[in-house]
Amino acid sequence: LALERGDLQKHRILVQAEPNKRLPEVLGNRVQLQQVLLNLITNAIDAMAVKDEPRVLLVKSEAHEGTGVVVSVADTGAGINSQNIDRIFNPLFTTKSDGMGMGLSICRAIVEAHHGRLWVTPNTPCGAVFRFTLHANSRVSAGA
């Protein structure tokens, strides 16, 4: 969110961040996982920049099935056409006039390399919610 603060302010997007400090620790490549979040947030900003208000970005993390964490990035943008929802993660598929169609496919590859899952659902009443799961660190540290 700090990296995108300028664009969030420029487009008058209300940010609601709901980090959960009581989540299990996950193992992963910090840079890659930050790239996933950055791409999802950037896409949300782009989706809302062309729409009238309200513009709300909700980023939150929650426990997932007792074995990990689910992170969600929800926006109130235009949403994803039902015809495109199954293709949105395909390489080279884009709905943006200046898009390359690589961001979401790379995000999915990163999440899957971390043994997680990335998917999208419609947001109510408008927009999209991207969610991804990460498994908790199952290693038990002795005496630490």
# chains A, B, ... in the order shown; residues from 1 in each chain; ligands from 1
$ residues_around --residues "range 109-111 of chain A" --least-positions-apart "3" --cutoff "8 Å" --atoms "only C-alpha atoms" --output "PyMOL selection string"
chain A and resi 32-33+36+105-106+114-118+132-134
$ write_last_selection --atoms "N, CA, C and O atoms" --output "PDB file, in the first residue's frame"
ATOM      1  N   GLN A  32       8.699 -12.135  -3.679  1.00  0.00           N
ATOM      2  CA  GLN A  32       7.701 -12.667  -4.606  1.00  0.00           C
ATOM      3  C   GLN A  32       6.288 -12.432  -4.084  1.00  0.00           C
ATOM      4  O   GLN A  32       5.392 -12.048  -4.847  1.00  0.00           O
ATOM      5  N   LEU A  33       6.082 -12.662  -2.798  1.00  0.00           N
ATOM      6  CA  LEU A  33       4.741 -12.474  -2.237  1.00  0.00           C
ATOM      7  C   LEU A  33       4.355 -10.994  -2.213  1.00  0.00           C
ATOM      8  O   LEU A  33       3.193 -10.651  -2.456  1.00  0.00           O
ATOM      9  N   VAL A  36       3.122 -10.209  -5.668  1.00  0.00           N
ATOM     10  CA  VAL A  36       1.733 -10.637  -5.867  1.00  0.00           C
ATOM     11  C   VAL A  36       0.791  -9.559  -5.339  1.00  0.00           C
ATOM     12  O   VAL A  36      -0.127  -9.116  -6.041  1.00  0.00           O
ATOM     13  N   SER A 105      -1.016 -14.078 -14.439  1.00  0.00           N
ATOM     14  CA  SER A 105      -0.471 -15.429 -14.628  1.00  0.00           C
ATOM     15  C   SER A 105       0.800 -15.598 -13.799  1.00  0.00           C
ATOM     16  O   SER A 105       1.035 -16.665 -13.221  1.00  0.00           O
ATOM     17  N   ILE A 106       1.616 -14.553 -13.696  1.00  0.00           N
ATOM     18  CA  ILE A 106       2.807 -14.617 -12.846  1.00  0.00           C
ATOM     19  C   ILE A 106       2.401 -14.707 -11.377  1.00  0.00           C
ATOM     20  O   ILE A 106       2.976 -15.496 -10.617  1.00  0.00           O
ATOM     21  N   HIS A 114       4.288 -21.524  -3.979  1.00  0.00           N
ATOM     22  CA  HIS A 114       4.253 -21.523  -2.518  1.00  0.00           C
ATOM     23  C   HIS A 114       3.175 -22.492  -1.999  1.00  0.00           C
ATOM     24  O   HIS A 114       2.782 -22.410  -0.836  1.00  0.00           O
ATOM     25  N   HIS A 115       2.700 -23.378  -2.859  1.00  0.00           N
ATOM     26  CA  HIS A 115       1.690 -24.399  -2.528  1.00  0.00           C
ATOM     27  C   HIS A 115       0.359 -23.778  -2.105  1.00  0.00           C
ATOM     28  O   HIS A 115      -0.387 -24.352  -1.312  1.00  0.00           O
ATOM     29  N   GLY A 116       0.065 -22.613  -2.673  1.00  0.00           N
ATOM     30  CA  GLY A 116      -1.195 -21.946  -2.389  1.00  0.00           C
ATOM     31  C   GLY A 116      -2.085 -21.919  -3.613  1.00  0.00           C
ATOM     32  O   GLY A 116      -1.815 -22.584  -4.620  1.00  0.00           O
ATOM     33  N   ARG A 117      -3.134 -21.145  -3.513  1.00  0.00           N
ATOM     34  CA  ARG A 117      -4.116 -21.034  -4.592  1.00  0.00           C
ATOM     35  C   ARG A 117      -4.516 -19.574  -4.732  1.00  0.00           C
ATOM     36  O   ARG A 117      -4.661 -18.875  -3.725  1.00  0.00           O
ATOM     37  N   LEU A 118      -4.696 -19.111  -5.980  1.00  0.00           N
ATOM     38  CA  LEU A 118      -5.142 -17.745  -6.265  1.00  0.00           C
ATOM     39  C   LEU A 118      -6.392 -17.831  -7.123  1.00  0.00           C
ATOM     40  O   LEU A 118      -6.412 -18.544  -8.120  1.00  0.00           O
ATOM     41  N   PHE A 132      -5.824 -15.215  -2.215  1.00  0.00           N
ATOM     42  CA  PHE A 132      -4.825 -16.274  -2.320  1.00  0.00           C
ATOM     43  C   PHE A 132      -4.541 -16.852  -0.952  1.00  0.00           C
ATOM     44  O   PHE A 132      -4.664 -16.176   0.063  1.00  0.00           O
ATOM     45  N   THR A 133      -4.215 -18.143  -0.959  1.00  0.00           N
ATOM     46  CA  THR A 133      -3.916 -18.851   0.275  1.00  0.00           C
ATOM     47  C   THR A 133      -2.428 -19.153   0.353  1.00  0.00           C
ATOM     48  O   THR A 133      -1.757 -19.336  -0.670  1.00  0.00           O
ATOM     49  N   LEU A 134      -1.951 -19.203   1.568  1.00  0.00           N
ATOM     50  CA  LEU A 134      -0.586 -19.625   1.864  1.00  0.00           C
ATOM     51  C   LEU A 134      -0.670 -20.576   3.049  1.00  0.00           C
ATOM     52  O   LEU A 134      -1.456 -20.365   3.972  1.00  0.00           O
TER      53      LEU A 134
END
$ select_by_dssp --residues "range 9-121 of chain A" --states "strand (DSSP E or B)" --output "ChimeraX atom specification"
/A:14-18,26,56-64,68-75,118-121
$ write_last_selection --atoms "C-alpha atoms" --output "PDB file, in the first residue's frame"
ATOM      1  CA  LEU A  14     -10.458   4.879   0.222  1.00  0.00           C
ATOM      2  CA  VAL A  15      -8.170   2.198   1.640  1.00  0.00           C
ATOM      3  CA  GLN A  16      -9.381  -0.224   4.266  1.00  0.00           C
ATOM      4  CA  ALA A  17      -6.527  -2.403   5.481  1.00  0.00           C
ATOM      5  CA  GLU A  18      -7.401  -5.175   7.880  1.00  0.00           C
ATOM      6  CA  VAL A  26       3.892 -18.623   6.663  1.00  0.00           C
ATOM      7  CA  VAL A  56     -12.844   1.424  -2.006  1.00  0.00           C
ATOM      8  CA  LEU A  57      -9.885  -0.927  -1.745  1.00  0.00           C
ATOM      9  CA  LEU A  58     -10.066  -3.530   1.021  1.00  0.00           C
ATOM     10  CA  VAL A  59      -6.968  -5.575   1.808  1.00  0.00           C
ATOM     11  CA  LYS A  60      -7.231  -8.131   4.578  1.00  0.00           C
ATOM     12  CA  SER A  61      -5.731 -11.318   5.899  1.00  0.00           C
ATOM     13  CA  GLU A  62      -7.475 -14.099   7.805  1.00  0.00           C
ATOM     14  CA  ALA A  63      -6.849 -17.590   9.085  1.00  0.00           C
ATOM     15  CA  HIS A  64      -7.722 -20.215   6.486  1.00  0.00           C
ATOM     16  CA  GLY A  68      -2.781 -21.264   6.714  1.00  0.00           C
ATOM     17  CA  VAL A  69      -3.698 -17.767   5.716  1.00  0.00           C
ATOM     18  CA  VAL A  70      -5.954 -16.240   3.090  1.00  0.00           C
ATOM     19  CA  VAL A  71      -5.212 -12.734   1.815  1.00  0.00           C
ATOM     20  CA  SER A  72      -7.865 -10.824  -0.113  1.00  0.00           C
ATOM     21  CA  VAL A  73      -7.739  -7.696  -2.252  1.00  0.00           C
ATOM     22  CA  ALA A  74     -11.220  -6.369  -2.996  1.00  0.00           C
ATOM     23  CA  ASP A  75     -12.121  -3.371  -5.138  1.00  0.00           C
ATOM     24  CA  LEU A 118      -5.142 -17.745  -6.265  1.00  0.00           C
ATOM     25  CA  TRP A 119      -8.677 -17.096  -7.506  1.00  0.00           C
ATOM     26  CA  VAL A 120     -11.141 -14.312  -8.208  1.00  0.00           C
ATOM     27  CA  THR A 121     -14.814 -13.795  -7.403  1.00  0.00           C
TER      28      THR A 121
END
$ select_by_dssp --residues "range 23-131 of chain A" --states "alpha helix (DSSP H)" --output "VMD selection string"
chain A and resid 30 to 49 103 to 113
$ atom_distance --atom1 "CA of Lys21 in chain A" --atom2 "CA of Asn137 in chain A"
15.3 Å
$ residues_around --residues "His11 in chain A" --least-positions-apart "2" --cutoff "8 Å" --atoms "only C-alpha atoms" --output "list in words"
Asp7, Leu8, Gln9, Ile13, Ile45, Met48 and Ala49 of chain A
$ closest_residue --among "A:Gly28, A:Pro19, A:Gly77, A:Gly6" --to "Ala113 in chain A" --atoms "only C-alpha atoms"
A:Gly28
$ atom_distance --atom1 "CA of His135 in chain A" --atom2 "CA of Glu65 in chain A"
9.8 Å
$ closest_atom_pairs --of "range 91-129 of chain A" --to "range 37-41 of chain A" --cutoff "8 Å" --atoms "only C-alpha atoms" --output "JSON lines"
{"residue": "A:Gly103", "atom": "CA", "partner": "A:Asn39", "partner_atom": "CA", "distance": 6.5}
{"residue": "A:Leu104", "atom": "CA", "partner": "A:Asn39", "partner_atom": "CA", "distance": 7.6}
{"residue": "A:Cys107", "atom": "CA", "partner": "A:Asn39", "partner_atom": "CA", "distance": 7.6}
$ atom_distance --atom1 "CA of Ser82 in chain A" --atom2 "CA of Glu112 in chain A"
23.5 Å
$ residues_around --residues "range 89-93 of chain A" --least-positions-apart "3" --cutoff "8 Å" --atoms "only C-alpha atoms" --output "PyMOL selection string"
chain A and resi 86+100-102+104-105+108
$ closest_residue --among "A:Gly66, A:Glu4, A:Arg131, A:Cys126" --to "Thr42 in chain A" --atoms "only C-alpha atoms"
A:Glu4
$ residues_around --residues "Thr95 in chain A" --least-positions-apart "6" --cutoff "10 Å" --atoms "only C-alpha atoms" --output "list in words"
Ile80, Asn81, Asn84, Ile88 and Gly101 of chain A
